[in-house]
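Reviewing the structure listed below.
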Amino acid sequence: MRTALVVVDMLNDFVDGSLANPAAAAIVQPIAALAAKARSSREWIVAYANDAHRPDDVELRVFPPHAMAGSAGAEVVDELRPAPEDLVVPKHFYSAFTETELATLLAAHDVGRVVLVGQHTDCCVRHTAYDAFRLGLEIVVCPDATTVFGPGAHEPLAERQQRALAYLTAYYGARLWRSRAIA
Ligand code: ZN
């Protein structure tokens, strides 16, 4: 059984573009370290789940246009650019599994555990975790390599992050591993 590092929505638009998140900068290096570790091990693979929206995607009823397919905003940030052997899965919904080939690809690589990193802990990571749970995969989430949306809401960032992580633990049995303990 192998482990997949699943990097969710670390795209230009989610870092400093149309849905910019000041909190995203802090998770780039931890994710880069995890990806390097994963690429060095036969027991791991790296999979990127990237928004690649079409103009009529339902999500754009809730959010302004972001990560439109083919645009620069939809590209992974330079520091985390995928390696040739990595899987890259375009998605149109919050979950990395909804109407994508991710489940098939993970099964083909004998993956039994996913380590979820990226954005946002309370949205795309959460919905991806639900589908991983549904598929019977072990779920790990890195608290220091995921983040919720940045400051601006009523609740401080750290509290929202804790609440999001607690949800993943309570409902999906997610284990929380700090990136340094893995990488
Ligand atoms: Zn989106």
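Letters A, B, ... mark the chains of the structure tokens in the order given; residue numbers begin at 1 per chain; ligand numbers begin at 1, in order shown.
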Practice problem: Excluding region 61-69 of chain A and any residue of its chain fewer than 4 positions from it, enumerate the residues within 10 Å of it, using only C-alpha atoms, and give them as a VMD selection string. | Solution: chain A and resid 9 11 to 14 17 to 20 50 to 57 73 to 76 90 to 92
Got time to write the residues from that selection, C-alpha atoms, as an mmCIF file, in the first residue's frame?
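Output file out31.cif follows:
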data_model
loop_
_atom_site.group_PDB
_atom_site.id
_atom_site.type_symbol
_atom_site.label_atom_id
_atom_site.label_comp_id
_atom_site.auth_asym_id
_atom_site.auth_seq_id
_atom_site.Cartn_x
_atom_site.Cartn_y
_atom_site.Cartn_z
ATOM 1 C CA ASP A 9 -5.361 24.215 -5.102
ATOM 2 C CA LEU A 11 -2.564 27.822 -7.642
ATOM 3 C CA ASN A 12 -1.632 31.405 -8.467
ATOM 4 C CA ASP A 13 -5.198 32.648 -8.065
ATOM 5 C CA PHE A 14 -5.438 31.103 -4.582
ATOM 6 C CA GLY A 17 -4.538 36.191 -7.601
ATOM 7 C CA SER A 18 -8.316 36.612 -7.692
ATOM 8 C CA LEU A 19 -8.890 34.579 -4.487
ATOM 9 C CA ALA A 20 -5.601 35.619 -2.894
ATOM 10 C CA ASN A 50 -6.139 21.810 -9.374
ATOM 11 C CA ASP A 51 -9.212 23.897 -10.005
ATOM 12 C CA ALA A 52 -9.617 24.360 -13.757
ATOM 13 C CA HIS A 53 -12.936 26.114 -14.003
ATOM 14 C CA ARG A 54 -15.241 26.467 -16.959
ATOM 15 C CA PRO A 55 -17.400 29.601 -17.168
ATOM 16 C CA ASP A 56 -20.585 27.667 -16.338
ATOM 17 C CA ASP A 57 -19.218 25.800 -13.292
ATOM 18 C CA GLY A 73 -4.220 31.927 -12.377
ATOM 19 C CA ALA A 74 -4.972 28.213 -12.733
ATOM 20 C CA GLU A 75 -1.291 27.234 -12.738
ATOM 21 C CA VAL A 76 0.455 25.801 -9.682
ATOM 22 C CA PRO A 90 -7.936 19.122 -13.037
ATOM 23 C CA LYS A 91 -11.154 19.551 -11.083
ATOM 24 C CA HIS A 92 -14.347 21.559 -11.418
#
Self-check item: Distance query Leu87 (chain A) at most 9 Å, only C-alpha atoms, self and fewer than 2 positions along chain excluded, as a ChimeraX atom specification
Solution: /A:45-49,82-85,89,102,105
Using only C-alpha atoms, tabulate the residues of region 10-105 of chain A lying at most 8 Å from any atom of region 121-138 of chain A, each with its closest atom pair and that distance in Å to one decimal, by chain and increasing residue number, as CSV.
residue,atom,partner,partner_atom,distance
A:Tyr94,CA,A:Cys124,CA,4.4
A:Ser95,CA,A:Thr128,CA,4.2
A:Ala96,CA,A:Thr128,CA,5.3
A:Phe97,CA,A:Thr128,CA,6.4
Serialized selection, C-alpha atoms, as a compact mmCIF listing (two decimals), in the first residue's frame:
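Result went into again23.txt, see below:
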# COMPACT_ATOMS: atom_id res chain seq x y z
CA TYR A 94 -14.49 21.44 -4.37
CA SER A 95 -13.57 17.78 -4.04
CA ALA A 96 -10.53 16.45 -5.88
CA PHE A 97 -12.58 13.29 -6.54
Self-check item: Proximity to ligand 1 - best of A:Ala170, A:Met1, A:Ala32, A:Met10, only C-alpha atoms and all ligand atoms
Solution: A:Met10
Quiz prompt | Residue nearest Ala25 (chain A) - candidates A:Gly70, A:Pro143, A:Pro156, A:Gly150, atoms counted: only C-alpha atoms | solution =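 Ranked by minimum distance to Ala25 (chain A), first place goes to A:Gly150.
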